[in-house]
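Novice: Structure provided below as structure tokens; questions to follow.
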Amino acid sequence: PGAALGLLQEAAVGRDGEKARTALIEVAQGRGRGDVADGVRAAAVRALAGVGGSKALNLARKALEDDDPEVAVSGATVLALLGADDDLDRLVGRRLQLPERQQARVDTAIRMLAARRGRSVDVRLPREDEKILSAQKKDLTIEAVAVPEGEHRAEAAWSALVPEKARTVGAFSCGPRTHVVQVGAAPEALAKAPAIAATLLGQNESTGESFVRWVVLIEPDGPNGNGGFNVTVARPTGEVGFRGTGKVDGEGPRGSVSVEIDAVEGPGASAVHVVARLSGGELQVEGVGDSVRQARLVPRKG
């Protein structure tokens, strides 16, 4: 089903993609031959993020109200990319009706949409019950590396989560993975309002195409924007991977921003501690991590 949905999404964004768009919508709505599994419906809703348009937006709004929590979260994910101001109210109203695990991902969607629309919301991502992972073995070195060759541009499906006027400022390695860092706003703007401060792009080894691996969300620490801010690093689909704090020093060309983050406990997570600094357009990164990952969630049989 995943491969079929990927092909449908690719066809749907083409010039003559009406049939593929209709097929995706039918799968997302559970129509077709036989019963459509909830997991497939959820994936079809997410696939519509790359299609865009009023049909995808309206379907995402309906999916948000679906009885299946994962379908509802997929609707929230699409609304984070395509939604309008009134969709913030929809997301805030729906979040408390969902189980805690899905609620946290809807919280992330709220933050992403609010940042895109330039609005503040009273919803804060939960922090009280999260456990920060401490890197004990420190057998992974995280450091700045040269930016890989090629064009680094997020795929259309997630381009709304790339900061406005984004520019590549550097890259860093974490084990076998390389992350290309793109930022938009000048350092002095980062502590003044909630925003998508940066995206971390990965690169498909087979095709060379870039994709959004992580989104860096920031929230000023206090109403006056005194130079400090909280940092949340989440996947485009809403799972939070890292938290920390940052600080802005100075303005203009001499301004700099520094960030310190740690991994949070979750399925498939490994302990990571990273310190990054952007000054004069140059990115400095150093950190450590454990190569051992926590167990991932495995679906129950039957």
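Within each chain, counting starts at residue 1; across the structure tokens, chains are named A, B, ... in the order shown, with ligands numbered 1 upward in that order.
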Using only C-alpha atoms, which protein or nucleic acid residues come within 8 Å of Arg105 (chain A)? Drop anything in the same chain fewer than 4 positions from it, and give the result as number ranges by chain.
Specialist: A: 73, 101, 109, 237-240
Novice: Let's have the selection written as a PDB file, in the first residue's frame, with N, CA and C atoms.
Specialist:
```
ATOM      1  N   VAL A  73      -4.672  12.360  13.340  1.00  0.00           N
ATOM      2  CA  VAL A  73      -3.345  12.974  13.378  1.00  0.00           C
ATOM      3  C   VAL A  73      -2.860  13.281  11.959  1.00  0.00           C
ATOM      4  N   ARG A 101      -0.761  10.029  23.269  1.00  0.00           N
ATOM      5  CA  ARG A 101       0.304   9.885  22.269  1.00  0.00           C
ATOM      6  C   ARG A 101      -0.010  10.708  21.018  1.00  0.00           C
ATOM      7  N   ALA A 109       1.573  19.994  15.473  1.00  0.00           N
ATOM      8  CA  ALA A 109       0.907  20.552  14.293  1.00  0.00           C
ATOM      9  C   ALA A 109       0.389  21.958  14.583  1.00  0.00           C
ATOM     10  N   THR A 237       5.891  14.981  10.737  1.00  0.00           N
ATOM     11  CA  THR A 237       4.668  14.272  11.118  1.00  0.00           C
ATOM     12  C   THR A 237       4.305  14.439  12.587  1.00  0.00           C
ATOM     13  N   GLY A 238       5.086  15.238  13.337  1.00  0.00           N
ATOM     14  CA  GLY A 238       4.669  15.619  14.683  1.00  0.00           C
ATOM     15  C   GLY A 238       5.415  15.002  15.839  1.00  0.00           C
ATOM     16  N   GLU A 239       6.212  13.959  15.609  1.00  0.00           N
ATOM     17  CA  GLU A 239       6.933  13.340  16.728  1.00  0.00           C
ATOM     18  C   GLU A 239       8.071  14.244  17.192  1.00  0.00           C
ATOM     19  N   VAL A 240       8.114  14.523  18.488  1.00  0.00           N
ATOM     20  CA  VAL A 240       9.163  15.370  19.050  1.00  0.00           C
ATOM     21  C   VAL A 240      10.390  14.519  19.356  1.00  0.00           C
TER      22      VAL A 240
END
```
Novice: List every residue of region 69-277 of chain A that DSSP, applied to the backbone of this structure, assigns to alpha helix (DSSP H), and report them as number ranges by chain.
Specialist: A: 69-82, 85-95, 100-117
Novice: Go through A:Glu219, A:Asp262, A:Glu10, A:Asp86 and flag the residue nearest Arg111 (chain A), using only C-alpha atoms for the distances.
Specialist: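 Checking each candidate against Arg111 (chain A), we get A:Glu219 as the closest.
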Novice: For region 97-177 of chain A against region 285-288 of chain A, with a cut-off of 9 Å and counting only C-alpha atoms, what is the closest atom pair and its distance in Å to one decimal for every residue that makes the cut, ordered by chain and number, as a Markdown table?
Specialist:
```
| residue | atom | partner | partner_atom | distance |
| --- | --- | --- | --- | --- |
| A:Ala135 | CA | A:Val288 | CA | 6.9 |
| A:Lys137 | CA | A:Val288 | CA | 8.9 |
| A:Lys138 | CA | A:Val288 | CA | 5.3 |
| A:Asp139 | CA | A:Val288 | CA | 7.1 |
| A:Leu140 | CA | A:Val288 | CA | 5.4 |
| A:Thr141 | CA | A:Val288 | CA | 4.9 |
| A:Ile142 | CA | A:Gly287 | CA | 4.7 |
| A:Glu143 | CA | A:Glu286 | CA | 4.6 |
| A:Ala144 | CA | A:Val285 | CA | 5.2 |
| A:Val145 | CA | A:Val285 | CA | 9.0 |
| A:Ala171 | CA | A:Val285 | CA | 8.6 |
| A:Phe172 | CA | A:Val285 | CA | 6.8 |
| A:Cys174 | CA | A:Val288 | CA | 8.5 |
```
Novice: Do a neighbour search on Ser270 (chain A) at 8 Å with only C-alpha atoms, toss out local chain neighbours closer than 4 positions, and write the hits as a list in words.
Specialist: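 In the requested form, the answer reads Leu133, Ala263, Glu265, Gly289, Asp290, Ser291, Val292, Arg293 and Gln294 of chain A.
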Novice: Would you mind exporting C-alpha atoms of the selected residues as a JSON list (two decimals), in the first residue's frame?
Specialist:
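Result written to out.json:
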```json
[["chain", "number", "residue", "atom", "x", "y", "z"],
["A", 133, "LEU", "CA", 18.08, 11.01, 27.54],
["A", 263, "ALA", "CA", 17.10, 13.91, 22.86],
["A", 265, "GLU", "CA", 12.70, 9.51, 25.37],
["A", 289, "GLY", "CA", 25.48, 10.49, 21.29],
["A", 290, "ASP", "CA", 24.88, 6.83, 21.99],
["A", 291, "SER", "CA", 24.64, 4.46, 19.05],
["A", 292, "VAL", "CA", 22.16, 2.20, 20.90],
["A", 293, "ARG", "CA", 18.56, 3.07, 20.15],
["A", 294, "GLN", "CA", 15.51, 2.43, 22.29]]
```
Novice: What are the DSSP strand (DSSP E) residues of region 64-226 of chain A, as a PyMOL selection string?
Specialist: chain A and resi 140-145+167-174+177-183+195-203+210-220
Novice: What's around Ala234 (chain A) at 9 Å? Count only C-alpha atoms, leave out sequence neighbours fewer than 5 positions away in its own chain, and write the answer as a ChimeraX atom specification.
Specialist: /A:108,213-217,239-243
Novice: I want to know what sits within 8 Å of Ala197 (chain A), based on only C-alpha atoms, with residues of the same chain fewer than 5 positions away left out; could you give that as a VMD selection string?
Specialist: chain A and resid 163 183 to 185 190 216 to 218
Novice: Export all heavy atoms of the chosen residues as an mmCIF file, in the first residue's frame?
Specialist:
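Below is the file that was written, selection_19.cif:
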```cif
data_model
loop_
_atom_site.group_PDB
_atom_site.id
_atom_site.type_symbol
_atom_site.label_atom_id
_atom_site.label_comp_id
_atom_site.auth_asym_id
_atom_site.auth_seq_id
_atom_site.Cartn_x
_atom_site.Cartn_y
_atom_site.Cartn_z
ATOM 1 N N PRO A 163 11.673 27.637 6.460
ATOM 2 C CA PRO A 163 11.572 29.070 6.765
ATOM 3 C C PRO A 163 11.578 29.929 5.508
ATOM 4 O O PRO A 163 12.203 29.582 4.503
ATOM 5 C CB PRO A 163 12.824 29.340 7.614
ATOM 6 C CG PRO A 163 13.225 28.020 8.151
ATOM 7 C CD PRO A 163 12.825 27.014 7.118
ATOM 8 N N VAL A 183 18.285 27.945 7.439
ATOM 9 C CA VAL A 183 17.659 28.920 8.330
ATOM 10 C C VAL A 183 17.111 30.066 7.489
ATOM 11 O O VAL A 183 17.506 30.265 6.340
ATOM 12 C CB VAL A 183 18.652 29.468 9.378
ATOM 13 C CG1 VAL A 183 19.220 28.344 10.229
ATOM 14 C CG2 VAL A 183 19.789 30.234 8.693
ATOM 15 N N GLY A 184 16.192 30.833 8.097
ATOM 16 C CA GLY A 184 15.598 31.939 7.376
ATOM 17 C C GLY A 184 15.847 33.272 8.045
ATOM 18 O O GLY A 184 16.555 34.122 7.528
ATOM 19 N N ALA A 185 15.289 33.454 9.245
ATOM 20 C CA ALA A 185 15.332 34.748 9.914
ATOM 21 C C ALA A 185 16.736 35.093 10.395
ATOM 22 O O ALA A 185 17.564 34.218 10.662
ATOM 23 C CB ALA A 185 14.368 34.746 11.097
ATOM 24 N N LEU A 190 14.896 35.758 16.173
ATOM 25 C CA LEU A 190 14.512 34.441 16.671
ATOM 26 C C LEU A 190 13.873 34.462 18.048
ATOM 27 O O LEU A 190 13.138 33.550 18.388
ATOM 28 C CB LEU A 190 15.740 33.518 16.681
ATOM 29 C CG LEU A 190 16.312 33.178 15.313
ATOM 30 C CD1 LEU A 190 17.522 32.269 15.462
ATOM 31 C CD2 LEU A 190 15.264 32.514 14.437
ATOM 32 N N VAL A 216 12.797 22.749 13.228
ATOM 33 C CA VAL A 216 13.216 23.395 14.475
ATOM 34 C C VAL A 216 12.229 24.508 14.811
ATOM 35 O O VAL A 216 12.156 25.527 14.114
ATOM 36 C CB VAL A 216 14.645 23.965 14.360
ATOM 37 C CG1 VAL A 216 15.064 24.603 15.685
ATOM 38 C CG2 VAL A 216 15.621 22.867 13.948
ATOM 39 N N LEU A 217 11.455 24.307 15.877
ATOM 40 C CA LEU A 217 10.467 25.286 16.334
ATOM 41 C C LEU A 217 11.017 26.039 17.530
ATOM 42 O O LEU A 217 11.629 25.439 18.415
ATOM 43 C CB LEU A 217 9.167 24.584 16.736
ATOM 44 C CG LEU A 217 8.460 23.794 15.643
ATOM 45 C CD1 LEU A 217 7.413 22.884 16.256
ATOM 46 C CD2 LEU A 217 7.823 24.723 14.633
ATOM 47 N N ILE A 218 10.774 27.344 17.588
ATOM 48 C CA ILE A 218 11.240 28.131 18.723
ATOM 49 C C ILE A 218 10.082 28.916 19.331
ATOM 50 O O ILE A 218 9.099 29.230 18.658
ATOM 51 C CB ILE A 218 12.372 29.103 18.334
ATOM 52 C CG1 ILE A 218 11.876 30.103 17.296
ATOM 53 C CG2 ILE A 218 13.574 28.351 17.816
ATOM 54 C CD1 ILE A 218 12.817 31.257 17.091
#
```
Novice: Report the distance between CA of Ser159 (chain A) and CA of Pro267 (chain A) in Å, rounded to one decimal place.
Specialist: 26.2 Å
Novice: What lies within 10 Å of Val40 (chain A) using only C-alpha atoms, ignoring chain neighbours under 5 positions off, as a list in words?
Specialist: Pro1, Gly2, Leu5, Val27, Ala28, Gly30, Val45, Arg46 and Val71 of chain A
Novice: Which residues are close to Gly281 (chain A), i.e. within 10 Å by only C-alpha atoms, leaving aside same-chain residues fewer than 6 positions away? Reply as an mmCIF file with all heavy atoms, in the first residue's frame.
Specialist:
```
data_model
loop_
_atom_site.group_PDB
_atom_site.id
_atom_site.type_symbol
_atom_site.label_atom_id
_atom_site.label_comp_id
_atom_site.auth_asym_id
_atom_site.auth_seq_id
_atom_site.Cartn_x
_atom_site.Cartn_y
_atom_site.Cartn_z
ATOM 1 N N ARG A 167 18.104 29.747 3.686
ATOM 2 C CA ARG A 167 19.418 29.612 3.060
ATOM 3 C C ARG A 167 20.183 28.513 3.785
ATOM 4 O O ARG A 167 20.016 28.313 4.983
ATOM 5 C CB ARG A 167 20.195 30.928 3.124
ATOM 6 C CG ARG A 167 20.572 31.351 4.538
ATOM 7 C CD ARG A 167 21.123 32.763 4.575
ATOM 8 N NE ARG A 167 21.714 33.096 5.857
ATOM 9 C CZ ARG A 167 21.026 33.427 6.936
ATOM 10 N NH1 ARG A 167 19.708 33.459 6.894
ATOM 11 N NH2 ARG A 167 21.644 33.725 8.070
ATOM 12 N N THR A 168 21.017 27.817 3.057
ATOM 13 C CA THR A 168 21.833 26.770 3.656
ATOM 14 C C THR A 168 23.025 27.399 4.356
ATOM 15 O O THR A 168 23.788 28.146 3.746
ATOM 16 C CB THR A 168 22.313 25.790 2.578
ATOM 17 O OG1 THR A 168 21.184 25.168 1.965
ATOM 18 C CG2 THR A 168 23.198 24.708 3.183
ATOM 19 N N VAL A 169 23.183 27.102 5.660
ATOM 20 C CA VAL A 169 24.276 27.690 6.438
ATOM 21 C C VAL A 169 25.348 26.670 6.799
ATOM 22 O O VAL A 169 26.401 27.044 7.334
ATOM 23 C CB VAL A 169 23.740 28.358 7.723
ATOM 24 C CG1 VAL A 169 22.815 29.506 7.385
ATOM 25 C CG2 VAL A 169 23.039 27.338 8.621
ATOM 26 N N GLY A 170 25.108 25.402 6.524
ATOM 27 C CA GLY A 170 26.108 24.388 6.848
ATOM 28 C C GLY A 170 25.479 23.019 6.973
ATOM 29 O O GLY A 170 24.304 22.820 6.640
ATOM 30 N N ALA A 186 16.994 36.397 10.508
ATOM 31 C CA ALA A 186 18.236 36.863 11.117
ATOM 32 C C ALA A 186 18.234 36.498 12.592
ATOM 33 O O ALA A 186 17.171 36.376 13.204
ATOM 34 C CB ALA A 186 18.355 38.381 10.950
ATOM 35 N N PRO A 187 19.418 36.316 13.206
ATOM 36 C CA PRO A 187 19.469 35.885 14.604
ATOM 37 C C PRO A 187 18.630 36.725 15.554
ATOM 38 O O PRO A 187 17.940 36.183 16.437
ATOM 39 C CB PRO A 187 20.967 35.997 14.938
ATOM 40 C CG PRO A 187 21.650 35.767 13.638
ATOM 41 C CD PRO A 187 20.763 36.401 12.606
ATOM 42 N N PRO A 253 24.981 41.930 11.338
ATOM 43 C CA PRO A 253 26.016 40.986 10.907
ATOM 44 C C PRO A 253 26.825 40.397 12.060
ATOM 45 O O PRO A 253 27.378 39.308 11.931
ATOM 46 C CB PRO A 253 26.909 41.840 9.990
ATOM 47 C CG PRO A 253 26.020 42.943 9.526
ATOM 48 C CD PRO A 253 25.116 43.240 10.672
ATOM 49 N N ARG A 254 26.907 41.134 13.168
ATOM 50 C CA ARG A 254 27.679 40.636 14.303
ATOM 51 C C ARG A 254 26.845 39.789 15.264
ATOM 52 O O ARG A 254 27.362 39.282 16.258
ATOM 53 C CB ARG A 254 28.292 41.815 15.065
ATOM 54 C CG ARG A 254 29.310 42.613 14.234
ATOM 55 C CD ARG A 254 29.960 43.692 15.081
ATOM 56 N NE ARG A 254 30.961 44.429 14.313
ATOM 57 C CZ ARG A 254 31.707 45.420 14.800
ATOM 58 N NH1 ARG A 254 31.530 45.789 16.072
ATOM 59 N NH2 ARG A 254 32.589 46.028 14.047
ATOM 60 N N GLY A 255 25.564 39.687 14.999
ATOM 61 C CA GLY A 255 24.714 38.899 15.874
ATOM 62 C C GLY A 255 24.988 37.410 15.741
ATOM 63 O O GLY A 255 25.457 36.928 14.710
ATOM 64 N N SER A 256 24.704 36.685 16.800
ATOM 65 C CA SER A 256 24.894 35.235 16.784
ATOM 66 C C SER A 256 23.770 34.571 17.564
ATOM 67 O O SER A 256 23.093 35.211 18.377
ATOM 68 C CB SER A 256 26.247 34.852 17.397
ATOM 69 O OG SER A 256 26.282 35.169 18.775
#
```
Novice: From the set A:Val106, A:Ala114, A:Ala23, A:Ala49, which residue has the shortest atom-to-atom contact distance to Leu82 (chain A), counting only C-alpha atoms?
Specialist: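 Among the listed residues, the smallest separation from Leu82 (chain A) belongs to A:Ala49.
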Novice: In Å, rounded to a single decimal, give me how far CA of Glu164 (chain A) is from CA of Gly53 (chain A).
Specialist: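 Straight-line distance from CA of Gly53 (chain A) to CA of Glu164 (chain A) works out to 20.4 Å.
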